[in-house]
Structures are given as C-alpha cells and as structure tokens.
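Dumped input_16.cif below, it's mmCIF, C-alpha atoms:
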data_model
loop_
_atom_site.group_PDB
_atom_site.id
_atom_site.type_symbol
_atom_site.label_atom_id
_atom_site.label_comp_id
_atom_site.auth_asym_id
_atom_site.auth_seq_id
_atom_site.Cartn_x
_atom_site.Cartn_y
_atom_site.Cartn_z
ATOM 1 C CA MET A 9 -136.831 -61.265 -191.324
ATOM 2 C CA ASN A 10 -135.652 -61.683 -187.771
ATOM 3 C CA ALA A 11 -132.120 -60.755 -188.843
ATOM 4 C CA ILE A 12 -133.419 -57.658 -190.588
ATOM 5 C CA PHE A 13 -135.427 -56.644 -187.544
ATOM 6 C CA LYS A 14 -132.369 -57.165 -185.336
ATOM 7 C CA ILE A 15 -130.207 -54.983 -187.592
ATOM 8 C CA ALA A 16 -132.860 -52.276 -187.615
ATOM 9 C CA ALA A 17 -133.205 -52.468 -183.846
ATOM 10 C CA VAL A 18 -129.441 -52.129 -183.350
ATOM 11 C CA ALA A 19 -129.298 -49.148 -185.698
ATOM 12 C CA LEU A 20 -132.235 -47.507 -183.943
ATOM 13 C CA ALA A 21 -130.646 -48.086 -180.550
ATOM 14 C CA ALA A 22 -127.355 -46.622 -181.737
ATOM 15 C CA THR A 23 -129.110 -43.528 -183.093
ATOM 16 C CA ALA A 24 -131.032 -43.116 -179.844
ATOM 17 C CA ALA A 25 -127.813 -43.469 -177.841
ATOM 18 C CA VAL A 26 -126.091 -40.738 -179.843
ATOM 19 C CA GLY A 27 -129.097 -38.454 -179.488
ATOM 20 C CA SER A 28 -129.281 -39.102 -175.766
ATOM 21 C CA HIS A 29 -125.546 -38.487 -175.385
ATOM 22 C CA ALA A 30 -125.842 -35.156 -177.165
ATOM 23 C CA GLU A 31 -128.889 -34.056 -175.182
ATOM 24 C CA SER A 32 -127.204 -34.753 -171.861
ATOM 25 C CA TYR A 33 -123.816 -33.274 -172.824
ATOM 26 C CA PRO A 34 -122.145 -32.346 -170.636
ATOM 27 C CA ALA A 35 -123.537 -34.788 -168.101
ATOM 28 C CA PRO A 36 -123.790 -33.526 -164.508
ATOM 29 C CA GLY A 37 -120.572 -34.139 -162.619
ATOM 30 C CA LYS A 38 -118.543 -34.911 -165.747
ATOM 31 C CA THR A 39 -115.329 -32.927 -166.294
ATOM 32 C CA ILE A 40 -114.277 -31.644 -169.702
ATOM 33 C CA THR A 41 -110.512 -31.633 -170.271
ATOM 34 C CA ILE A 42 -108.925 -29.314 -172.809
ATOM 35 C CA ILE A 43 -105.465 -30.514 -173.780
ATOM 36 C CA VAL A 44 -103.037 -27.695 -174.563
ATOM 37 C CA PRO A 45 -99.828 -29.022 -176.164
ATOM 38 C CA PHE A 46 -97.746 -26.159 -174.734
ATOM 39 C CA THR A 47 -96.467 -25.064 -171.337
ATOM 40 C CA ALA A 48 -98.629 -23.293 -168.784
ATOM 41 C CA GLY A 49 -98.404 -19.518 -168.853
ATOM 42 C CA GLY A 50 -97.739 -19.179 -172.567
ATOM 43 C CA PRO A 51 -99.998 -17.382 -175.096
ATOM 44 C CA THR A 52 -101.865 -20.538 -176.192
ATOM 45 C CA ASP A 53 -102.390 -21.623 -172.593
ATOM 46 C CA LYS A 54 -103.814 -18.172 -171.828
ATOM 47 C CA VAL A 55 -106.265 -18.437 -174.730
ATOM 48 C CA ALA A 56 -107.341 -21.886 -173.525
ATOM 49 C CA ARG A 57 -107.939 -20.765 -169.952
ATOM 50 C CA ASP A 58 -109.881 -17.692 -171.048
ATOM 51 C CA LEU A 59 -112.011 -19.803 -173.388
ATOM 52 C CA ALA A 60 -112.583 -22.476 -170.752
ATOM 53 C CA GLU A 61 -113.863 -19.879 -168.280
ATOM 54 C CA SER A 62 -116.358 -18.554 -170.811
ATOM 55 C CA MET A 63 -117.408 -21.942 -172.233
ATOM 56 C CA ARG A 64 -118.054 -23.207 -168.731
ATOM 57 C CA LYS A 65 -120.894 -20.678 -168.478
ATOM 58 C CA GLN A 66 -122.287 -21.839 -171.835
ATOM 59 C CA LEU A 67 -122.221 -25.530 -170.810
ATOM 60 C CA ASN A 68 -124.316 -25.525 -167.661
ATOM 61 C CA ASN A 69 -121.403 -24.512 -165.416
ATOM 62 C CA ALA A 70 -119.494 -27.648 -166.334
ATOM 63 C CA THR A 71 -116.057 -28.176 -164.828
ATOM 64 C CA ILE A 72 -113.414 -27.572 -167.516
ATOM 65 C CA VAL A 73 -109.750 -28.227 -166.748
ATOM 66 C CA ILE A 74 -106.605 -27.556 -168.757
ATOM 67 C CA ASP A 75 -104.059 -30.324 -169.319
ATOM 68 C CA ASN A 76 -100.689 -28.881 -170.419
ATOM 69 C CA ALA A 77 -99.138 -31.789 -172.328
ATOM 70 C CA ASP A 78 -96.226 -29.940 -173.896
ATOM 71 C CA GLY A 79 -93.165 -31.140 -175.770
ATOM 72 C CA ALA A 80 -91.839 -32.052 -179.222
ATOM 73 C CA GLY A 81 -93.262 -29.007 -180.931
ATOM 74 C CA SER A 82 -96.830 -29.684 -179.729
ATOM 75 C CA THR A 83 -96.903 -33.242 -181.114
ATOM 76 C CA ILE A 84 -96.970 -34.965 -177.699
ATOM 77 C CA GLY A 85 -100.145 -33.250 -176.546
ATOM 78 C CA THR A 86 -101.769 -33.481 -179.962
ATOM 79 C CA ALA A 87 -101.105 -37.231 -180.072
ATOM 80 C CA LYS A 88 -102.578 -37.568 -176.582
ATOM 81 C CA ALA A 89 -105.755 -35.861 -177.774
ATOM 82 C CA ALA A 90 -105.957 -38.082 -180.854
ATOM 83 C CA ARG A 91 -105.845 -41.182 -178.615
ATOM 84 C CA ALA A 92 -108.434 -39.901 -176.120
ATOM 85 C CA ARG A 93 -111.976 -41.251 -175.823
ATOM 86 C CA ASN A 94 -114.222 -39.707 -178.432
ATOM 87 C CA ASP A 95 -117.063 -38.843 -176.080
ATOM 88 C CA GLY A 96 -116.660 -35.061 -176.045
ATOM 89 C CA TYR A 97 -114.991 -34.901 -172.631
ATOM 90 C CA THR A 98 -111.503 -34.473 -174.066
ATOM 91 C CA LEU A 99 -110.830 -31.578 -176.431
ATOM 92 C CA LEU A 100 -107.681 -30.099 -177.943
ATOM 93 C CA LEU A 101 -106.827 -26.422 -178.234
ATOM 94 C CA THR A 102 -103.778 -25.629 -180.303
ATOM 95 C CA HIS A 103 -102.471 -22.999 -182.699
ATOM 96 C CA ILE A 104 -101.089 -22.625 -186.219
ATOM 97 C CA GLY A 105 -98.805 -25.589 -185.519
ATOM 98 C CA MET A 106 -101.693 -27.857 -186.520
ATOM 99 C CA SER A 107 -100.983 -26.801 -190.125
ATOM 100 C CA THR A 108 -97.183 -26.890 -189.988
ATOM 101 C CA ILE A 109 -96.364 -30.130 -188.151
ATOM 102 C CA PRO A 110 -97.535 -32.330 -191.072
ATOM 103 C CA THR A 111 -94.591 -30.950 -193.072
ATOM 104 C CA LEU A 112 -92.114 -30.249 -190.274
ATOM 105 C CA TYR A 113 -92.304 -33.815 -188.952
ATOM 106 C CA ARG A 114 -91.778 -36.646 -191.419
ATOM 107 C CA LYS A 115 -93.385 -39.147 -189.041
ATOM 108 C CA LEU A 116 -96.351 -38.361 -186.809
ATOM 109 C CA PRO A 117 -98.409 -40.787 -184.677
ATOM 110 C CA PHE A 118 -101.587 -39.123 -185.932
ATOM 111 C CA ASN A 119 -103.056 -37.537 -189.048
ATOM 112 C CA VAL A 120 -104.075 -33.907 -188.603
ATOM 113 C CA LEU A 121 -106.910 -34.094 -191.118
ATOM 114 C CA SER A 122 -108.338 -37.539 -190.439
ATOM 115 C CA ASP A 123 -107.818 -38.130 -186.696
ATOM 116 C CA PHE A 124 -109.768 -35.126 -185.389
ATOM 117 C CA GLU A 125 -113.180 -33.525 -185.509
ATOM 118 C CA TYR A 126 -112.948 -29.786 -186.110
ATOM 119 C CA ALA A 127 -114.921 -27.523 -183.777
ATOM 120 C CA GLY A 128 -113.956 -24.032 -184.973
ATOM 121 C CA ILE A 129 -111.322 -21.294 -185.096
ATOM 122 C CA ILE A 130 -111.205 -19.039 -182.029
ATOM 123 C CA ASN A 131 -108.969 -16.078 -182.818
ATOM 124 C CA ASP A 132 -106.039 -14.675 -184.757
ATOM 125 C CA VAL A 133 -102.960 -13.192 -183.101
ATOM 126 C CA PRO A 134 -101.171 -10.772 -185.447
ATOM 127 C CA MET A 135 -97.418 -10.618 -185.779
ATOM 128 C CA THR A 136 -95.039 -7.681 -185.975
ATOM 129 C CA LEU A 137 -91.714 -7.095 -187.695
ATOM 130 C CA ILE A 138 -89.381 -5.460 -185.185
ATOM 131 C CA GLY A 139 -85.691 -4.541 -185.073
ATOM 132 C CA ARG A 140 -82.951 -3.836 -182.558
ATOM 133 C CA PRO A 141 -82.838 -0.301 -181.090
ATOM 134 C CA THR A 142 -79.615 0.609 -182.914
ATOM 135 C CA LEU A 143 -80.647 -0.685 -186.348
ATOM 136 C CA PRO A 144 -79.958 2.173 -188.772
ATOM 137 C CA ALA A 145 -83.238 1.564 -190.642
ATOM 138 C CA LYS A 146 -86.087 3.732 -189.341
ATOM 139 C CA ASN A 147 -88.871 2.469 -191.615
ATOM 140 C CA PHE A 148 -89.578 -0.576 -193.773
ATOM 141 C CA ALA A 149 -88.164 0.931 -196.964
ATOM 142 C CA GLU A 150 -84.878 1.487 -195.127
ATOM 143 C CA VAL A 151 -85.031 -2.049 -193.679
ATOM 144 C CA LYS A 152 -85.389 -3.474 -197.174
ATOM 145 C CA ASP A 153 -82.477 -1.382 -198.432
ATOM 146 C CA TRP A 154 -80.301 -2.234 -195.419
ATOM 147 C CA VAL A 155 -80.977 -5.978 -195.734
ATOM 148 C CA GLY A 156 -80.080 -5.822 -199.435
ATOM 149 C CA LYS A 157 -76.780 -4.105 -198.711
ATOM 150 C CA ASN A 158 -75.934 -6.549 -195.922
ATOM 151 C CA GLN A 159 -77.209 -9.757 -197.496
ATOM 152 C CA GLY A 160 -75.978 -12.813 -195.627
ATOM 153 C CA LYS A 161 -74.917 -10.742 -192.628
ATOM 154 C CA VAL A 162 -78.354 -9.932 -191.230
ATOM 155 C CA ASN A 163 -79.317 -11.930 -188.119
ATOM 156 C CA LEU A 164 -82.996 -12.885 -188.055
ATOM 157 C CA ALA A 165 -83.966 -14.209 -184.613
ATOM 158 C CA ASN A 166 -86.721 -16.735 -183.944
ATOM 159 C CA ALA A 167 -88.190 -18.637 -180.986
ATOM 160 C CA GLY A 168 -87.016 -22.036 -182.228
ATOM 161 C CA VAL A 169 -87.262 -24.300 -185.257
ATOM 162 C CA GLY A 170 -90.870 -24.580 -186.358
ATOM 163 C CA SER A 171 -92.062 -21.753 -184.114
ATOM 164 C CA ALA A 172 -94.414 -19.096 -185.471
ATOM 165 C CA SER A 173 -91.598 -16.528 -185.487
ATOM 166 C CA HIS A 174 -89.401 -18.958 -187.424
ATOM 167 C CA LEU A 175 -92.102 -19.530 -190.048
ATOM 168 C CA CYS A 176 -92.841 -15.822 -190.310
ATOM 169 C CA GLY A 177 -89.127 -15.190 -190.790
ATOM 170 C CA LEU A 178 -88.927 -17.788 -193.552
ATOM 171 C CA MET A 179 -91.833 -16.176 -195.376
ATOM 172 C CA PHE A 180 -90.269 -12.744 -194.882
ATOM 173 C CA GLN A 181 -86.999 -13.886 -196.457
ATOM 174 C CA ALA A 182 -88.823 -15.541 -199.338
ATOM 175 C CA SER A 183 -90.909 -12.424 -199.970
ATOM 176 C CA LEU A 184 -87.844 -10.181 -199.995
ATOM 177 C CA GLN A 185 -85.777 -12.783 -201.855
ATOM 178 C CA GLN A 186 -82.924 -11.907 -199.547
ATOM 179 C CA GLU A 187 -80.672 -14.224 -197.580
ATOM 180 C CA MET A 188 -80.515 -13.791 -193.802
ATOM 181 C CA THR A 189 -78.940 -15.796 -191.008
ATOM 182 C CA PRO A 190 -81.534 -17.465 -188.758
ATOM 183 C CA VAL A 191 -80.736 -17.376 -185.038
ATOM 184 C CA PRO A 192 -82.958 -19.833 -183.125
ATOM 185 C CA TYR A 193 -83.677 -19.420 -179.407
ATOM 186 C CA LYS A 194 -85.503 -21.561 -176.873
ATOM 187 C CA GLY A 195 -88.581 -19.374 -176.801
ATOM 188 C CA ALA A 196 -89.584 -15.814 -177.619
ATOM 189 C CA ALA A 197 -88.415 -14.230 -174.351
ATOM 190 C CA PRO A 198 -84.658 -14.781 -174.856
ATOM 191 C CA ALA A 199 -84.960 -13.810 -178.529
ATOM 192 C CA ILE A 200 -86.583 -10.484 -177.642
ATOM 193 C CA ALA A 201 -84.080 -9.922 -174.836
ATOM 194 C CA ASP A 202 -81.176 -10.263 -177.261
ATOM 195 C CA LEU A 203 -82.942 -8.050 -179.799
ATOM 196 C CA MET A 204 -83.326 -5.314 -177.168
ATOM 197 C CA GLY A 205 -79.665 -5.834 -176.298
ATOM 198 C CA ASN A 206 -78.622 -5.351 -179.952
ATOM 199 C CA GLN A 207 -77.295 -8.914 -180.228
ATOM 200 C CA VAL A 208 -79.525 -9.729 -183.236
ATOM 201 C CA ASP A 209 -81.054 -7.547 -185.930
ATOM 202 C CA LEU A 210 -84.639 -8.489 -186.723
ATOM 203 C CA LEU A 211 -87.497 -10.597 -185.374
ATOM 204 C CA CYS A 212 -90.998 -11.379 -186.575
ATOM 205 C CA ASP A 213 -93.118 -12.364 -183.567
ATOM 206 C CA GLN A 214 -96.681 -12.233 -182.286
ATOM 207 C CA THR A 215 -98.188 -9.180 -180.649
ATOM 208 C CA THR A 216 -98.608 -11.052 -177.361
ATOM 209 C CA ASN A 217 -94.815 -10.951 -177.062
ATOM 210 C CA THR A 218 -93.933 -7.645 -178.727
ATOM 211 C CA THR A 219 -96.596 -5.020 -177.989
ATOM 212 C CA SER A 220 -95.268 -3.977 -174.584
ATOM 213 C CA GLN A 221 -91.719 -3.688 -175.929
ATOM 214 C CA ILE A 222 -92.939 -1.599 -178.868
ATOM 215 C CA ALA A 223 -94.991 0.662 -176.567
ATOM 216 C CA ALA A 224 -91.949 1.162 -174.318
ATOM 217 C CA LYS A 225 -89.825 1.921 -177.412
ATOM 218 C CA LYS A 226 -87.349 -0.790 -176.431
ATOM 219 C CA VAL A 227 -87.367 -2.042 -180.026
ATOM 220 C CA GLN A 228 -88.082 -0.505 -183.409
ATOM 221 C CA ALA A 229 -91.347 -1.562 -185.052
ATOM 222 C CA TYR A 230 -91.737 -1.577 -188.832
ATOM 223 C CA ALA A 231 -94.924 -3.385 -189.845
ATOM 224 C CA VAL A 232 -97.666 -5.860 -188.997
ATOM 225 C CA THR A 233 -98.325 -9.125 -190.830
ATOM 226 C CA THR A 234 -102.112 -8.809 -191.152
ATOM 227 C CA THR A 235 -104.073 -7.661 -194.214
ATOM 228 C CA LYS A 236 -105.394 -4.606 -192.343
ATOM 229 C CA PRO A 237 -103.786 -2.227 -189.818
ATOM 230 C CA LEU A 238 -104.419 -2.951 -186.136
ATOM 231 C CA SER A 239 -106.340 -0.789 -183.664
ATOM 232 C CA THR A 240 -104.115 -1.498 -180.644
ATOM 233 C CA PRO A 241 -102.748 1.927 -179.541
ATOM 234 C CA ALA A 242 -99.082 0.907 -179.699
ATOM 235 C CA LEU A 243 -99.537 -0.689 -183.140
ATOM 236 C CA LYS A 244 -102.182 1.424 -184.883
ATOM 237 C CA ASP A 245 -99.667 3.482 -186.883
ATOM 238 C CA LEU A 246 -97.806 0.467 -188.263
ATOM 239 C CA PRO A 247 -98.391 -0.345 -191.952
ATOM 240 C CA THR A 248 -99.080 -3.866 -193.184
ATOM 241 C CA LEU A 249 -96.378 -5.739 -195.058
ATOM 242 C CA GLN A 250 -98.890 -6.278 -197.861
ATOM 243 C CA SER A 251 -99.345 -2.523 -198.262
ATOM 244 C CA LEU A 252 -95.554 -2.199 -198.403
ATOM 245 C CA GLY A 253 -95.332 -4.478 -201.417
ATOM 246 C CA LEU A 254 -95.020 -7.988 -199.967
ATOM 247 C CA LYS A 255 -97.834 -9.639 -201.925
ATOM 248 C CA ASP A 256 -100.116 -12.067 -200.055
ATOM 249 C CA PHE A 257 -98.134 -11.649 -196.826
ATOM 250 C CA ASN A 258 -100.707 -12.593 -194.202
ATOM 251 C CA VAL A 259 -99.447 -14.420 -191.119
ATOM 252 C CA THR A 260 -101.388 -14.766 -187.887
ATOM 253 C CA ILE A 261 -101.161 -17.201 -184.997
ATOM 254 C CA TRP A 262 -104.654 -18.639 -185.056
ATOM 255 C CA HIS A 263 -106.081 -20.982 -182.439
ATOM 256 C CA GLY A 264 -108.598 -23.759 -183.029
ATOM 257 C CA LEU A 265 -110.615 -26.259 -181.032
ATOM 258 C CA TYR A 266 -110.716 -29.989 -181.853
ATOM 259 C CA ALA A 267 -112.120 -33.301 -180.614
ATOM 260 C CA PRO A 268 -110.908 -36.865 -181.220
ATOM 261 C CA LYS A 269 -112.147 -38.502 -184.410
ATOM 262 C CA GLY A 270 -115.519 -40.150 -183.965
ATOM 263 C CA THR A 271 -116.852 -37.740 -181.376
ATOM 264 C CA PRO A 272 -120.617 -37.616 -182.107
ATOM 265 C CA ALA A 273 -121.517 -34.825 -184.518
ATOM 266 C CA GLU A 274 -124.213 -33.599 -182.148
ATOM 267 C CA VAL A 275 -121.645 -33.230 -179.366
ATOM 268 C CA VAL A 276 -119.192 -31.422 -181.652
ATOM 269 C CA GLN A 277 -122.036 -29.089 -182.572
ATOM 270 C CA LYS A 278 -122.710 -28.376 -178.891
ATOM 271 C CA VAL A 279 -119.027 -27.626 -178.345
ATOM 272 C CA ASN A 280 -119.057 -25.358 -181.398
ATOM 273 C CA GLU A 281 -122.146 -23.505 -180.165
ATOM 274 C CA ALA A 282 -120.559 -22.971 -176.751
ATOM 275 C CA MET A 283 -117.376 -21.734 -178.408
ATOM 276 C CA LYS A 284 -119.261 -19.307 -180.670
ATOM 277 C CA ALA A 285 -121.187 -17.952 -177.686
ATOM 278 C CA SER A 286 -117.867 -17.418 -175.914
ATOM 279 C CA LEU A 287 -116.566 -15.425 -178.873
ATOM 280 C CA LYS A 288 -119.344 -12.926 -178.160
ATOM 281 C CA ASP A 289 -118.736 -12.864 -174.407
ATOM 282 C CA PRO A 290 -117.590 -9.291 -173.517
ATOM 283 C CA GLU A 291 -115.214 -10.583 -170.843
ATOM 284 C CA PHE A 292 -113.585 -13.062 -173.215
ATOM 285 C CA ILE A 293 -113.304 -10.385 -175.913
ATOM 286 C CA LYS A 294 -111.695 -7.997 -173.414
ATOM 287 C CA ARG A 295 -109.131 -10.590 -172.365
ATOM 288 C CA GLN A 296 -108.269 -11.442 -175.949
ATOM 289 C CA GLU A 297 -107.878 -7.805 -176.932
ATOM 290 C CA ALA A 298 -105.436 -7.428 -174.044
ATOM 291 C CA LEU A 299 -103.365 -10.152 -175.720
ATOM 292 C CA GLY A 300 -103.520 -8.324 -179.038
ATOM 293 C CA ALA A 301 -105.749 -11.078 -180.446
ATOM 294 C CA VAL A 302 -108.589 -10.591 -182.926
ATOM 295 C CA ILE A 303 -111.732 -12.682 -182.342
ATOM 296 C CA ALA A 304 -112.618 -14.930 -185.281
ATOM 297 C CA SER A 305 -115.841 -13.858 -186.969
ATOM 298 C CA ASP A 306 -115.840 -15.502 -190.400
ATOM 299 C CA ASP A 307 -116.828 -18.929 -191.703
ATOM 300 C CA ARG A 308 -113.836 -20.491 -189.927
ATOM 301 C CA ILE A 309 -115.848 -20.594 -186.694
ATOM 302 C CA THR A 310 -117.878 -23.467 -188.171
ATOM 303 C CA PRO A 311 -116.514 -27.039 -188.148
ATOM 304 C CA ALA A 312 -116.530 -27.249 -191.960
ATOM 305 C CA GLY A 313 -114.967 -23.804 -192.401
ATOM 306 C CA HIS A 314 -112.326 -24.618 -189.795
ATOM 307 C CA LYS A 315 -111.218 -27.780 -191.582
ATOM 308 C CA LYS A 316 -111.193 -26.101 -194.999
ATOM 309 C CA PHE A 317 -109.010 -23.341 -193.576
ATOM 310 C CA VAL A 318 -106.519 -25.796 -192.039
ATOM 311 C CA GLU A 319 -106.263 -27.669 -195.345
ATOM 312 C CA ALA A 320 -105.336 -24.398 -197.068
ATOM 313 C CA GLU A 321 -102.853 -23.513 -194.309
ATOM 314 C CA ILE A 322 -101.157 -26.921 -194.602
ATOM 315 C CA ALA A 323 -100.663 -26.297 -198.327
ATOM 316 C CA LYS A 324 -99.371 -22.747 -197.749
ATOM 317 C CA TRP A 325 -96.880 -23.574 -195.027
ATOM 318 C CA GLY A 326 -95.868 -26.827 -196.675
ATOM 319 C CA LYS A 327 -94.444 -24.859 -199.594
ATOM 320 C CA VAL A 328 -92.546 -22.474 -197.298
ATOM 321 C CA ILE A 329 -91.081 -25.249 -195.120
ATOM 322 C CA LYS A 330 -90.112 -27.486 -198.050
ATOM 323 C CA ALA A 331 -88.489 -24.586 -199.890
ATOM 324 C CA ALA A 332 -86.394 -23.809 -196.812
ATOM 325 C CA GLY A 333 -85.561 -27.481 -196.213
ATOM 326 C CA ILE A 334 -86.367 -27.129 -192.513
ATOM 327 C CA TYR A 335 -87.498 -30.223 -190.582
ATOM 328 C CA ALA A 336 -87.895 -30.794 -186.846
ATOM 329 C CA ASP A 337 -87.038 -34.496 -186.835
#

Once you've parsed the file, please lay out its structure as structure tokens.
Amino acid sequence: MNAIFKIAAVALAATAAVGSHAESYPAPGKTITIIVPFTAGGPTDKVARDLAESMRKQLNNATIVIDNADGAGSTIGTAKAARARNDGYTLLLTHIGMSTIPTLYRKLPFNVLSDFEYAGIINDVPMTLIGRPTLPAKNFAEVKDWVGKNQGKVNLANAGVGSASHLCGLMFQASLQQEMTPVPYKGAAPAIADLMGNQVDLLCDQTTNTTSQIAAKKVQAYAVTTTKPLSTPALKDLPTLQSLGLKDFNVTIWHGLYAPKGTPAEVVQKVNEAMKASLKDPEFIKRQEALGAVIASDDRITPAGHKKFVEAEIAKWGKVIKAAGIYAD
C-alpha cells in the first residue's frame, strides 16, 4: 500500500508541477529565445522578429530574443532547437525547409516529426514565375511554347540547392515535362541580379524577393504559384499556374513555430494562443502584407493541424526531390 501511495503521490506532484509551470509561463524575468536557422535580415528572420514583437505583448511583455543559428540548409539551427531544454523558453521558427530536409539530407541529427512539438503555422509567402527582360515570351502560353522549342537550353536560376526557388523550379519542370538547366546561386539576390542582367532565363522565387522588381518592370512576370490570385497591387493581374493548366501547382513558403519534444502541452497551448492572437494583430498583419505574405487562417494554426500539414508536405516534396535525384549531402 505504501508503494502505491508513493506512486500516486509522485504522479500527483508531477501533474501539479506541470500545471504550475503552465500557469506561470512565462515566468517573470525569464527570456524566451526563438531560434531562426537562417541569417539575420532574411525573409524568415523578418517574420520571426515581427512575430516576436507581437507575441511579447500577448505574453505579459516577456523578453523574446532571436537567435540566428544559420548554416547547412537550416539543419544546424534546427538541431540546436531539438537539443534545447523542453521548458517552453526555447522555440524554433523555420519555413518550408522543415518538410524538405528529411529527404534532402540522408542523415539528420534529429527527426522532424518526433523531436518537436508543433505550435502552429504562421503565414504563407507566395511565389512568382519571372523571366529576364529580353525573354521573347510575353505571357505564360508563350513561355511554355518557348521552353518547348528550346528544351535543354533554358537556364532556370535558383537560390541554391534545396532552396524554395530550387524546389519550385523542380516542380515547374515536372509539371511542364520539359528539361531545363538549373543554375544555382548563393542566395536569391545574385540570382535576381543575373536575371535582370539577362544572364539567365527564368526564376521561380518568393514575393518577398520579386515584388519590387516586378513593380519596377525590371523583370517579366508570368504567374503566381498560389491557388488564388493575389491582391498585392504589383501582382494582382498575374494568373495562377493552376489556372493556366498546371494541375495541383500550389507552392508557398510557409513558416511554422515549434518547441523541443516534451515541452508541456499546456505551455505549447499558451504559445499557440499567443501566436494566434498575433495573427490578428493589425500591426503584425500590416508588416506581413508588406512582405507579400498571407496570414494563416485555417486549421494549420492549431498544433494538430500544423503537424498534419507538415506530414503531407514531407510526402509531397519527397516525391519531387527523389524524382530529381537532388540531395544536399
């Protein structure tokens, strides 16, 4: 009996500790760190800093800092987050790479699905198909015809192996069933610079990198990769690739929030609630719209919906990456 009472007492104490932890989260004076596995100043870093500013207000004015742990295609920072204490004071904010690295990298020091708690999807950043200024094609139908006539000679730029623009390009080639020559760069900026300079032909990249160039007419814009047209002034007249005949073509750079595995469910719920409140914050919405991002508003903003979505994305991109035979290691 004594043993039974001791077991019950331990269980009760553990339950009380979790409840107390959740009620006091975040504790006064405790700093929350959001790990961003990319360099400071980039699109994902901007999303993280905007979210941190809004979430701070939702979490009793807690101090939230950004830790840019970049390198190795986001795997360094993601591994750091997986190893962190699971007390809710270390979070991870990353993008679509969470669904592509399981296939791109044959060996990872973490498991995307089992080493993290999922706190919700934040936004979607659409992508655009753009071309060099002197490309003879003036609309998508002409692009399709031109690519067919120049198969194997078309240069399709990207921001590096495994980047969002690289993956979008792979899906574009597969959808058209046309061969193109990939031209990888070390980032989006040099890729766009060479596109504007007529050194490469086509590029599929996110609106955060292309909208200003499209508005200034420094590149030709042909379509967006979302299921519906966009409302951004410079992009509102662009058709979707789906409407142009590329079935199921839907590519966005989504961002999600995570915690190390074992973080108390009550704490994850508090983080999720703060995130969802931030998604309704007018200032946060304004900043995201300036990036060309669309605020998440579906079931993906819940922990369960987030994880289900990532599982589907891993399956989708796994097929594309394996078919192309592209690996980062």

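Across A:Pro45, A:Gly85, A:Gly128, A:Pro290, the tightest approach to Lys316 of chain A is made by A:Gly128 when counting all atoms listed in the file.
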
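In this structure, atom CA of Leu143 of chain A sits 29.4 Å away from atom CA of Trp325 of chain A.
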
What is the atom CA of Ala199 of chain A-atom CA of Cys176 of chain A distance in Å, reported with one decimal?
-> 14.3 Å

Please produce, as a Markdown table, a per-residue contact table for segment 73-134 of chain A versus segment 151-173 of chain A (criterion: any atom at most 10 Å away, all atoms listed in the file considered), showing the nearest atom pair and its distance in Å to one decimal, sorted by chain then residue number.
| residue | atom | partner | partner_atom | distance |
| --- | --- | --- | --- | --- |
| A:Gly81 | CA | A:Gly170 | CA | 7.4 |
| A:His103 | CA | A:Ala172 | CA | 9.4 |
| A:Ile104 | CA | A:Ala172 | CA | 7.6 |
| A:Gly105 | CA | A:Ala172 | CA | 7.8 |
| A:Thr108 | CA | A:Gly170 | CA | 7.6 |
| A:Ile109 | CA | A:Gly170 | CA | 8.0 |
| A:Thr111 | CA | A:Gly170 | CA | 10.0 |
| A:Leu112 | CA | A:Gly170 | CA | 7.0 |
| A:Tyr113 | CA | A:Gly170 | CA | 9.7 |

Explicit residues for the PyMOL selection byres ((chain A and resi 248) around 12) (as a count of residues only) = 31

Need the axis-aligned box for segment 103-106 of chain A with 8 Å each side, so what are the centre and edges in Å to one decimal, as JSON?
{"center_x": -100.6, "center_y": -25.2, "center_z": -184.6, "size_x": 19.7, "size_y": 21.2, "size_z": 19.8}
